[in-house]
Each structure stands twice: as C-alpha cells, then as structure tokens.
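Colleague: As input, take model-v7.cif (mmCIF, C-alpha atoms):
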```cif
data_upload
#
loop_
_atom_site.label_atom_id
_atom_site.label_comp_id
_atom_site.auth_asym_id
_atom_site.auth_seq_id
_atom_site.Cartn_x
_atom_site.Cartn_y
_atom_site.Cartn_z
CA MET I 1 33.64 24.90 -21.29
CA SER I 2 35.34 24.45 -17.96
CA SER I 3 35.26 21.52 -15.56
CA SER I 4 35.03 21.88 -11.81
CA THR I 5 35.57 19.38 -9.02
CA ALA I 6 35.35 21.91 -6.19
CA ALA I 7 32.22 23.46 -4.69
CA ALA I 8 30.99 26.55 -6.54
CA VAL I 9 28.78 27.88 -3.78
CA SER I 10 28.95 31.66 -3.50
CA PRO I 11 30.43 32.94 -0.20
CA VAL I 12 27.77 35.68 -0.22
CA ILE I 13 24.85 34.93 2.09
CA SER I 14 21.71 34.55 -0.01
CA PRO I 15 18.43 36.21 0.95
CA VAL I 16 15.66 34.26 2.65
CA LEU I 17 13.23 32.60 0.23
CA ALA I 18 11.17 30.70 2.80
CA GLU I 19 10.55 30.67 6.56
CA VAL I 20 9.73 27.72 8.78
CA VAL I 21 7.07 28.93 11.21
CA ARG I 22 6.00 26.74 14.15
CA SER I 23 3.41 27.96 16.66
CA GLY I 24 3.95 31.52 15.45
CA PHE I 25 7.72 31.28 15.96
CA VAL I 26 10.17 31.40 13.03
CA GLU I 27 12.36 28.39 13.79
CA GLY I 28 14.19 28.08 10.49
CA LEU I 29 15.09 29.82 7.24
CA HIS I 30 15.72 28.61 3.70
CA ARG I 31 17.91 30.93 1.64
CA GLY I 32 18.47 30.94 -2.08
CA SER I 33 18.27 32.76 -5.39
CA LEU I 34 15.42 33.24 -7.84
CA VAL I 35 14.76 34.88 -11.19
CA VAL I 36 11.55 35.76 -13.00
CA LEU I 37 11.65 36.60 -16.71
CA ALA I 38 9.13 38.78 -18.52
CA ALA I 39 7.54 37.59 -21.76
CA ASP I 40 10.29 39.27 -23.79
CA GLY I 41 12.98 37.40 -21.85
CA SER I 42 14.16 40.34 -19.77
CA VAL I 43 14.75 39.93 -16.04
CA GLU I 44 11.66 41.13 -14.20
CA LEU I 45 12.65 40.03 -10.70
CA ALA I 46 16.00 38.91 -9.32
CA ILE I 47 16.54 37.70 -5.77
CA GLY I 48 19.99 36.73 -4.60
CA ASP I 49 22.42 36.02 -7.42
CA PRO I 50 20.59 34.32 -10.30
CA TYR I 51 23.61 34.91 -12.56
CA ALA I 52 25.86 32.57 -10.55
CA PRO I 53 26.25 29.03 -11.94
CA VAL I 54 24.29 26.20 -10.34
CA PHE I 55 23.79 22.55 -11.15
CA PRO I 56 20.15 22.42 -12.35
CA ARG I 57 20.09 18.68 -11.68
CA SER I 58 16.94 17.14 -13.22
CA SER I 59 15.72 20.51 -14.46
CA ASN I 60 18.23 19.85 -17.27
CA LYS I 61 16.27 16.81 -18.44
CA PRO I 62 14.23 18.57 -21.16
CA MET I 63 17.53 19.58 -22.76
CA GLN I 64 18.87 16.04 -22.50
CA ALA I 65 15.71 14.74 -24.15
CA ALA I 66 16.03 17.29 -26.96
CA ALA I 67 19.58 16.09 -27.60
CA ILE I 68 18.32 12.52 -27.86
CA LEU I 69 15.82 13.64 -30.52
CA ARG I 70 18.49 15.57 -32.39
CA ALA I 71 20.60 12.43 -32.41
CA GLY I 72 17.84 10.71 -34.38
CA LEU I 73 15.75 8.69 -31.91
CA ASP I 74 12.11 9.07 -32.94
CA LEU I 75 10.32 9.41 -29.61
CA SER I 76 6.94 10.99 -29.06
CA GLY I 77 4.04 11.07 -26.62
CA GLU I 78 4.46 9.26 -23.32
CA ARG I 79 7.87 7.87 -24.30
CA LEU I 80 9.31 11.30 -24.96
CA ALA I 81 7.81 12.62 -21.71
CA LEU I 82 9.39 9.71 -19.85
CA ALA I 83 12.76 10.47 -21.46
CA ALA I 84 12.57 13.88 -19.75
CA ALA I 85 11.24 12.50 -16.49
CA SER I 86 12.10 12.12 -12.84
CA HIS I 87 9.44 9.48 -12.55
CA SER I 88 7.87 8.39 -9.28
CA GLY I 89 8.29 4.67 -9.82
CA GLU I 90 4.58 4.13 -10.41
CA ARG I 91 3.62 0.94 -12.22
CA PHE I 92 2.58 2.61 -15.49
CA GLN I 93 5.91 4.44 -15.65
CA LEU I 94 8.01 1.35 -14.96
CA ASP I 95 6.03 -0.69 -17.49
CA LEU I 96 6.81 1.88 -20.19
CA VAL I 97 10.52 1.94 -19.34
CA ARG I 98 10.55 -1.83 -19.77
CA LYS I 99 8.85 -1.48 -23.18
CA MET I 100 11.32 1.17 -24.29
CA LEU I 101 14.22 -1.08 -23.35
CA ALA I 102 12.70 -4.15 -25.01
CA ASP I 103 11.93 -2.27 -28.24
CA ALA I 104 15.59 -1.25 -28.43
CA GLY I 105 16.78 -4.81 -27.79
CA LEU I 106 17.92 -3.89 -24.29
CA THR I 107 17.26 -5.16 -20.77
CA GLU I 108 17.27 -3.61 -17.32
CA ALA I 109 20.83 -4.89 -16.92
CA ASP I 110 21.98 -2.41 -19.60
CA LEU I 111 20.94 0.56 -17.47
CA GLN I 112 23.75 2.32 -15.63
CA THR I 113 21.45 4.04 -13.18
CA PRO I 114 22.29 3.28 -9.54
CA PRO I 115 19.88 0.84 -7.89
CA ASP I 116 17.25 2.80 -5.98
CA LEU I 117 13.75 2.71 -4.56
CA PRO I 118 10.83 4.55 -6.21
CA LEU I 119 11.12 8.30 -5.71
CA ASP I 120 7.56 8.73 -4.49
CA PRO I 121 7.28 7.79 -0.77
CA VAL I 122 3.88 6.14 -1.24
CA GLU I 123 5.23 4.01 -4.09
CA ALA I 124 8.36 3.20 -2.12
CA GLU I 125 6.33 1.96 0.85
CA SER I 126 4.12 -0.30 -1.25
CA TYR I 127 7.13 -1.52 -3.24
CA LEU I 128 8.99 -2.52 -0.08
CA ALA I 129 5.88 -4.09 1.43
CA ALA I 130 5.64 -6.30 -1.67
CA GLY I 131 9.22 -7.48 -1.16
CA GLY I 132 10.87 -5.15 -3.64
CA VAL I 133 14.55 -4.23 -3.45
CA ARG I 134 16.55 -1.37 -4.92
CA GLU I 135 16.82 -1.79 -8.68
CA ARG I 136 18.20 0.17 -11.61
CA LEU I 137 14.75 0.28 -13.21
CA THR I 138 13.06 1.92 -10.23
CA MET I 139 15.60 4.74 -10.07
CA ASN I 140 13.74 7.90 -11.19
CA CYS I 141 16.02 8.55 -14.19
CA SER I 142 15.59 5.13 -15.83
CA GLY I 143 13.39 6.51 -18.63
CA LYS I 144 16.09 9.00 -19.64
CA HIS I 145 18.75 6.30 -19.51
CA ALA I 146 16.65 3.92 -21.60
CA ALA I 147 16.35 6.61 -24.27
CA MET I 148 20.07 7.38 -24.10
CA LEU I 149 20.94 3.73 -24.61
CA ALA I 150 18.48 3.42 -27.49
CA VAL I 151 19.94 6.37 -29.36
CA CYS I 152 23.44 4.94 -28.88
CA GLY I 153 22.30 1.74 -30.59
CA LEU I 154 20.71 3.72 -33.40
CA ASN I 155 23.93 5.62 -34.11
CA GLY I 156 26.39 2.82 -33.47
CA TRP I 157 27.84 4.67 -30.48
CA ASP I 158 29.47 2.78 -27.64
CA ALA I 159 26.81 1.94 -25.06
CA ALA I 160 29.20 1.03 -22.27
CA SER I 161 30.49 4.64 -22.11
CA TYR I 162 27.22 6.47 -22.71
CA LEU I 163 27.65 8.43 -19.46
CA ASP I 164 31.16 9.66 -20.25
CA PRO I 165 31.19 13.46 -20.74
CA ALA I 166 33.29 12.92 -23.88
CA HIS I 167 30.71 10.56 -25.43
CA PRO I 168 29.11 11.92 -28.64
CA LEU I 169 25.67 11.97 -27.01
CA GLN I 170 26.86 13.91 -23.97
CA GLN I 171 28.72 16.38 -26.16
CA LEU I 172 25.46 16.95 -28.02
CA VAL I 173 23.65 17.46 -24.70
CA LEU I 174 26.22 20.11 -23.81
CA ARG I 175 25.61 21.92 -27.09
CA VAL I 176 21.83 21.87 -26.58
CA VAL I 177 22.22 23.24 -23.03
CA GLU I 178 24.43 26.06 -24.27
CA GLU I 179 22.15 26.92 -27.19
CA ALA I 180 18.97 26.91 -25.12
CA SER I 181 20.39 28.82 -22.17
CA GLY I 182 22.42 31.30 -24.19
CA GLU I 183 25.40 30.59 -21.94
CA ARG I 184 28.61 28.60 -21.92
CA VAL I 185 28.43 25.67 -19.52
CA ALA I 186 30.29 26.84 -16.40
CA ALA I 187 31.01 23.42 -14.89
CA VAL I 188 30.53 19.75 -15.68
CA GLY I 189 29.79 17.34 -12.85
CA THR I 190 28.12 14.00 -12.29
CA ASP I 191 24.42 13.84 -11.49
CA GLY I 192 22.89 11.41 -9.01
CA CYS I 193 22.00 9.03 -11.84
CA GLY I 194 25.58 9.05 -13.14
CA ALA I 195 24.93 11.22 -16.21
CA PRO I 196 27.04 14.30 -16.91
CA LEU I 197 25.59 17.42 -15.32
CA MET I 198 25.93 20.81 -17.01
CA GLY I 199 26.11 23.88 -14.78
CA ILE I 200 24.48 27.13 -15.90
CA SER I 201 22.93 30.12 -14.13
CA LEU I 202 19.32 30.39 -13.01
CA VAL I 203 18.86 33.08 -15.67
CA GLY I 204 20.18 30.62 -18.24
CA LEU I 205 17.89 27.87 -16.92
CA ALA I 206 14.79 30.09 -17.11
CA THR I 207 15.88 31.22 -20.58
CA ALA I 208 16.18 27.60 -21.70
CA PHE I 209 12.65 26.76 -20.54
CA ARG I 210 11.38 29.89 -22.27
CA HIS I 211 13.19 28.74 -25.44
CA PHE I 212 11.48 25.33 -25.29
CA VAL I 213 7.92 26.68 -25.05
CA LEU I 214 8.50 29.28 -27.78
CA ALA I 215 10.35 26.98 -30.18
CA GLU I 216 8.87 26.34 -33.59
CA PRO I 217 6.54 23.33 -33.82
CA GLY I 218 8.40 20.25 -34.99
CA THR I 219 11.75 21.25 -33.53
CA ALA I 220 13.31 18.96 -30.95
CA GLU I 221 12.81 21.52 -28.21
CA ARG I 222 9.14 22.08 -28.97
CA ARG I 223 8.50 18.34 -29.33
CA VAL I 224 9.90 17.80 -25.83
CA ALA I 225 7.87 20.64 -24.36
CA ASP I 226 4.69 19.44 -26.04
CA ALA I 227 5.17 15.83 -24.89
CA MET I 228 5.85 16.87 -21.31
CA ARG I 229 2.78 19.12 -21.22
CA ALA I 230 0.54 16.51 -22.84
CA HIS I 231 1.70 13.67 -20.57
CA PRO I 232 2.79 15.26 -17.27
CA GLU I 233 2.07 12.12 -15.25
CA TYR I 234 5.00 10.49 -17.05
CA VAL I 235 7.29 13.45 -16.31
CA ALA I 236 6.73 13.23 -12.55
CA GLY I 237 3.88 11.18 -11.09
CA THR I 238 0.30 11.39 -9.95
CA ARG I 239 1.22 12.95 -6.60
CA ARG I 240 3.80 15.52 -7.76
CA PRO I 241 3.59 19.32 -8.24
CA ASP I 242 5.12 19.29 -11.75
CA THR I 243 2.26 17.06 -12.87
CA TRP I 244 -0.41 19.11 -11.12
CA LEU I 245 0.87 22.36 -12.62
CA MET I 246 1.22 21.12 -16.21
CA ARG I 247 -2.14 19.38 -16.03
CA GLU I 248 -4.10 22.33 -14.63
CA VAL I 249 -2.49 25.44 -16.16
CA PRO I 250 -2.58 25.35 -19.98
CA GLY I 251 0.77 25.71 -21.71
CA VAL I 252 2.98 25.49 -18.62
CA LEU I 253 6.28 23.59 -18.76
CA SER I 254 7.58 22.63 -15.31
CA LYS I 255 10.48 20.52 -14.06
CA MET I 256 12.04 20.26 -10.64
CA GLY I 257 15.54 19.11 -9.85
CA ALA I 258 17.29 17.65 -6.84
CA GLU I 259 18.81 20.01 -4.28
CA ALA I 260 15.69 22.18 -4.50
CA VAL I 261 15.91 23.50 -8.05
CA GLN I 262 12.81 24.43 -10.04
CA ALA I 263 12.22 25.84 -13.52
CA VAL I 264 8.91 26.83 -15.12
CA ALA I 265 7.90 28.55 -18.34
CA LEU I 266 4.46 29.81 -19.33
CA ALA I 267 3.12 29.54 -22.85
CA ASP I 268 3.75 33.25 -23.57
CA GLY I 269 7.46 33.03 -22.66
CA ARG I 270 7.36 34.25 -19.08
CA ALA I 271 9.57 32.02 -16.99
CA LEU I 272 11.15 31.47 -13.60
CA ALA I 273 13.93 29.46 -12.01
CA PHE I 274 15.18 29.20 -8.46
CA LYS I 275 17.41 27.19 -6.16
CA VAL I 276 17.16 26.83 -2.40
CA ASP I 277 20.74 26.88 -1.14
CA ASP I 278 20.42 24.13 1.46
CA GLY I 279 18.67 21.78 -0.97
CA ALA I 280 15.54 21.53 1.20
CA THR I 281 12.80 20.28 -1.09
CA ARG I 282 10.21 21.11 1.57
CA ALA I 283 10.66 24.77 0.58
CA LEU I 284 10.02 24.13 -3.14
CA GLY I 285 6.23 24.33 -3.02
CA PRO I 286 5.88 27.60 -1.08
CA VAL I 287 8.60 29.32 -3.12
CA LEU I 288 7.19 28.06 -6.42
CA ALA I 289 3.66 29.16 -5.53
CA ARG I 290 4.82 32.67 -4.61
CA ALA I 291 6.88 32.97 -7.80
CA LEU I 292 3.93 31.80 -9.91
CA ARG I 293 1.78 34.46 -8.31
CA ARG I 294 4.44 37.04 -9.18
CA LEU I 295 4.00 35.84 -12.77
CA GLY I 296 0.26 36.40 -12.50
CA VAL I 297 -0.75 32.73 -12.43
CA ASP I 298 -4.07 32.61 -10.61
CA ALA I 299 -5.31 29.03 -10.41
CA PRO I 300 -6.41 26.72 -7.58
CA VAL I 301 -3.39 24.49 -8.19
CA VAL I 302 -1.07 27.29 -7.04
CA GLU I 303 -2.55 27.20 -3.56
CA ARG I 304 -2.29 23.42 -3.53
CA ILE I 305 1.37 23.55 -4.49
CA GLY I 306 2.15 26.25 -1.95
CA ARG I 307 0.57 24.58 1.05
CA SER I 308 3.26 23.10 3.33
CA PRO I 309 1.88 22.61 6.85
CA LEU I 310 3.88 21.70 9.95
CA THR I 311 2.37 19.40 12.54
CA GLY I 312 2.75 19.02 16.27
CA GLY I 313 1.35 15.72 17.39
CA ALA I 314 -1.71 15.23 15.23
CA ALA I 315 -2.48 18.94 14.88
CA GLU I 316 -1.38 21.51 12.33
CA VAL I 317 0.72 24.07 14.22
CA GLY I 318 2.55 26.00 11.53
CA GLU I 319 3.75 26.17 7.96
CA ILE I 320 6.64 26.73 5.60
CA ARG I 321 5.90 30.00 3.86
CA ALA I 322 7.52 32.10 1.16
CA ALA I 323 9.34 35.20 2.43
CA PHE I 324 9.60 37.43 -0.67
#
```
Can you present the structure in this file as structure tokens?

Modeller:
Amino acid sequence: MSSSTAAAVSPVISPVLAEVVRSGFVEGLHRGSLVVLAADGSVELAIGDPYAPVFPRSSNKPMQAAAILRAGLDLSGERLALAAASHSGERFQLDLVRKMLADAGLTEADLQTPPDLPLDPVEAESYLAAGGVRERLTMNCSGKHAAMLAVCGLNGWDAASYLDPAHPLQQLVLRVVEEASGERVAAVGTDGCGAPLMGISLVGLATAFRHFVLAEPGTAERRVADAMRAHPEYVAGTRRPDTWLMREVPGVLSKMGAEAVQAVALADGRALAFKVDDGATRALGPVLARALRRLGVDAPVVERIGRSPLTGGAAEVGEIRAAF
C-alpha cells in the first residue's frame, strides 16, 4: 500500500466520452476513461487508460459496507442498503439513519460527517424552505457513518478515531477493497465525508462489482449486493439513476461516486466502470447509458438515464451525448 498527497492525474489527454451540443454546435467536451468487462471478467472494451488508479469515491461504498459486516455488525435489508448509500436526504432515509444511531446508543452528535444539505436538489430546496440548516445527519454518507460507529461499539474499537486510516475498521476496508478488486490499493486519501478513500483502477473497480454480484449467497459481499438491489431507494433516492437502474433491470448492482465515477455489474458478471476526468456529473447519464447499451442492456430505463437535454430560454436546444 502506498499513500499519496499529490495529484495522480495522468498527463496523457483522455479521449472524449461525451459532447455538449447546443443548437447543433459542439460547445464542450468531457474526457475520461471507461472499461467494460465480459461475463468471464476479461476486458471487452477499454477507452482511455482504465488501468490507471482513480479515487472511486462513493463507488467504494459497497466494499466499505462489506467490511462492516465482516467486522460483525448484523445489518440487513434497508439498513444494509443505507450503509452503502449516498442517500438523497429524503425523509424516509433520514428517519432510518436516526433509528440506526439510536439502536446503537448513539446520537447525531457522534457522526463525524461534515454538516451538509440534502444531496438531492429537490430535497435541499424543501429542507431550506422549512428552515433547515446544514447538519451532519443530512450529509449523504450519514448512513455509512452510523454503521461504522455501530460496529466500533460492537468491537470495543475507539469511536473517536473511526475515520483514521490506521483504525482497525479502515484497515479491514482496505483489505476488502484489495480482495474484491484484485489489486493493491494505489493511494489512500480522504473522501468528502472524511472517511479514508482507497484508490484503485477502473478495471479493479469493475472487477470488484463483478465479485459482489457473483459472490456466494450469505457472504458479506453478496449480502451487500442483495440488499442494495432489493432496496435501491435507500442506496440513492427516488429521483436518482442508481435507483432507477437497480429497480428496473433485474440483478443489476449500480453505484455512482463523486467526481463523475460510476460502476455497474450485471447479474451474469458483465460489468463496467468509468470516470469523467473533469468530474462533471452532467455527463454521467449519457456515458452510462451508452456503456449499458454496449453491454446489451435494452430497457426503457436506459433511455431515461441517458437523456440530458440543454435548454435555451424555455426551449430544448441541445443535449449532452455520449461520443464513443
């Protein structure tokens, strides 16, 4: 394992994954790297450099949740899905985080998430209109942090340092990431929520998601995958592509991450992962939809995910479209 405090962005210019087209004119480009794995795990399509390390951001959350299970916390159903979530801050999600904390003898004050507004813009607007302020609970990673704190209590581990990379829980997370991805962690950083962030390649990320859907029933990895697929609204929210995809395509495991990272695995082991270099989340949907089509996914939800119109005034005048 190596630690890095400097940027690890490749000096090589990545290929274009998406174009911004306004009134028939290409006014912007989003570059990045992408990998598609065949059912046997081999690389079927590689764009850019999918072997270079990236920070998967919240796409690492299934692996963090699996580590929490391995450490002995007995989570299942909606609670396990929420432990792997970047939730939207919807009421049903926040209510369950509160219950998870209370059941572990904890309060919102124990969370070390940075105070934030709900991730979903609609929820954020209604929250502010009701007089809400930034809180630790409403930060999208609060479900994961509640589970991390609970497993510390179960094992007698220090709760004040649960985000330290040297903490027993975070060392276990690192081992799960390396086992699932088949790679050594290339860099350790700090995620937006404060948790340690393990850097691996896009090939490793897609391999990890493939590992989760193909894992034996009852294993920590399969339990996480099954909970996420059974309760996708707790993983993301009612207005989010991860939820739509897991709800409408049987067996799919999907998780986005900040800075425009996405990983998906199908039930038969086919998988994909990509990162848009400039972190533009507006390119996620079009790129994801095109990659899903390359995997042979033919469902109405793919068109819904891929649609990213541009407006001029009140009229639709263009789109963000995949370019591969």

Colleague: What is the atom CA of Gly41 of chain I to atom CA of Leu272 of chain I distance in Å?

Modeller: 10.3 Å

Colleague: Between atom CA of Glu248 of chain I and atom CA of Val297 of chain I, what is the spacing in Å?

Modeller: 11.1 Å

Colleague: Would you translate the PyMOL selection byres ((chain I and resi 243) around 10) into the concrete set of residues it matches in this file, as a PyMOL selection string?

Modeller: chain I and resi 228-229+231-242+244-248+253-255

Colleague: Around (19.5, 28.3, -29.3), as given in the file, which residues come within 10 Å? Count all atoms listed in the file and list them as a PDB file with C-alpha atoms, in the coordinates of the input.

Modeller:
```
ATOM      1  CA  ARG I 175      25.610  21.920 -27.090  1.00  0.00           C
ATOM      2  CA  VAL I 176      21.830  21.870 -26.580  1.00  0.00           C
ATOM      3  CA  VAL I 177      22.220  23.240 -23.030  1.00  0.00           C
ATOM      4  CA  GLU I 178      24.430  26.060 -24.270  1.00  0.00           C
ATOM      5  CA  GLU I 179      22.150  26.920 -27.190  1.00  0.00           C
ATOM      6  CA  ALA I 180      18.970  26.910 -25.120  1.00  0.00           C
ATOM      7  CA  SER I 181      20.390  28.820 -22.170  1.00  0.00           C
ATOM      8  CA  GLY I 182      22.420  31.300 -24.190  1.00  0.00           C
ATOM      9  CA  GLU I 183      25.400  30.590 -21.940  1.00  0.00           C
ATOM     10  CA  THR I 207      15.880  31.220 -20.580  1.00  0.00           C
ATOM     11  CA  ALA I 208      16.180  27.600 -21.700  1.00  0.00           C
ATOM     12  CA  HIS I 211      13.190  28.740 -25.440  1.00  0.00           C
ATOM     13  CA  PHE I 212      11.480  25.330 -25.290  1.00  0.00           C
ATOM     14  CA  ALA I 215      10.350  26.980 -30.180  1.00  0.00           C
ATOM     15  CA  GLU I 221      12.810  21.520 -28.210  1.00  0.00           C
TER      16      GLU I 221
END
```

Colleague: Taking the file above as input, evaluate the PyMOL selection byres ((chain I and resi 21) around 12) and report the hits as a list in words.

Modeller: Ala18, Glu19, Val20, Arg22, Ser23, Gly24, Phe25, Val26, Glu27, Gly28, Leu29, His30, Ala283, Ser308, Pro309, Leu310, Thr311, Gly312, Glu316, Val317, Gly318, Glu319, Ile320, Arg321, Ala322 and Ala323 of chain I

Colleague: If the PyMOL selection byres ((chain I and resi 160-173) around 8) were run on this exact file, what residues would it hold? Put them as a PyMOL selection string.

Modeller: chain I and resi 63-64+66-68+71+148-149+152+157-159+174-177+194-196

Colleague: If I take atom CA of Leu17 of chain I and atom CA of Val188 of chain I, how far is one from the other in Å, to one decimal?

Modeller: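 Spanning atom CA of Leu17 of chain I to atom CA of Val188 of chain I is a straight-line distance of 26.8 Å.
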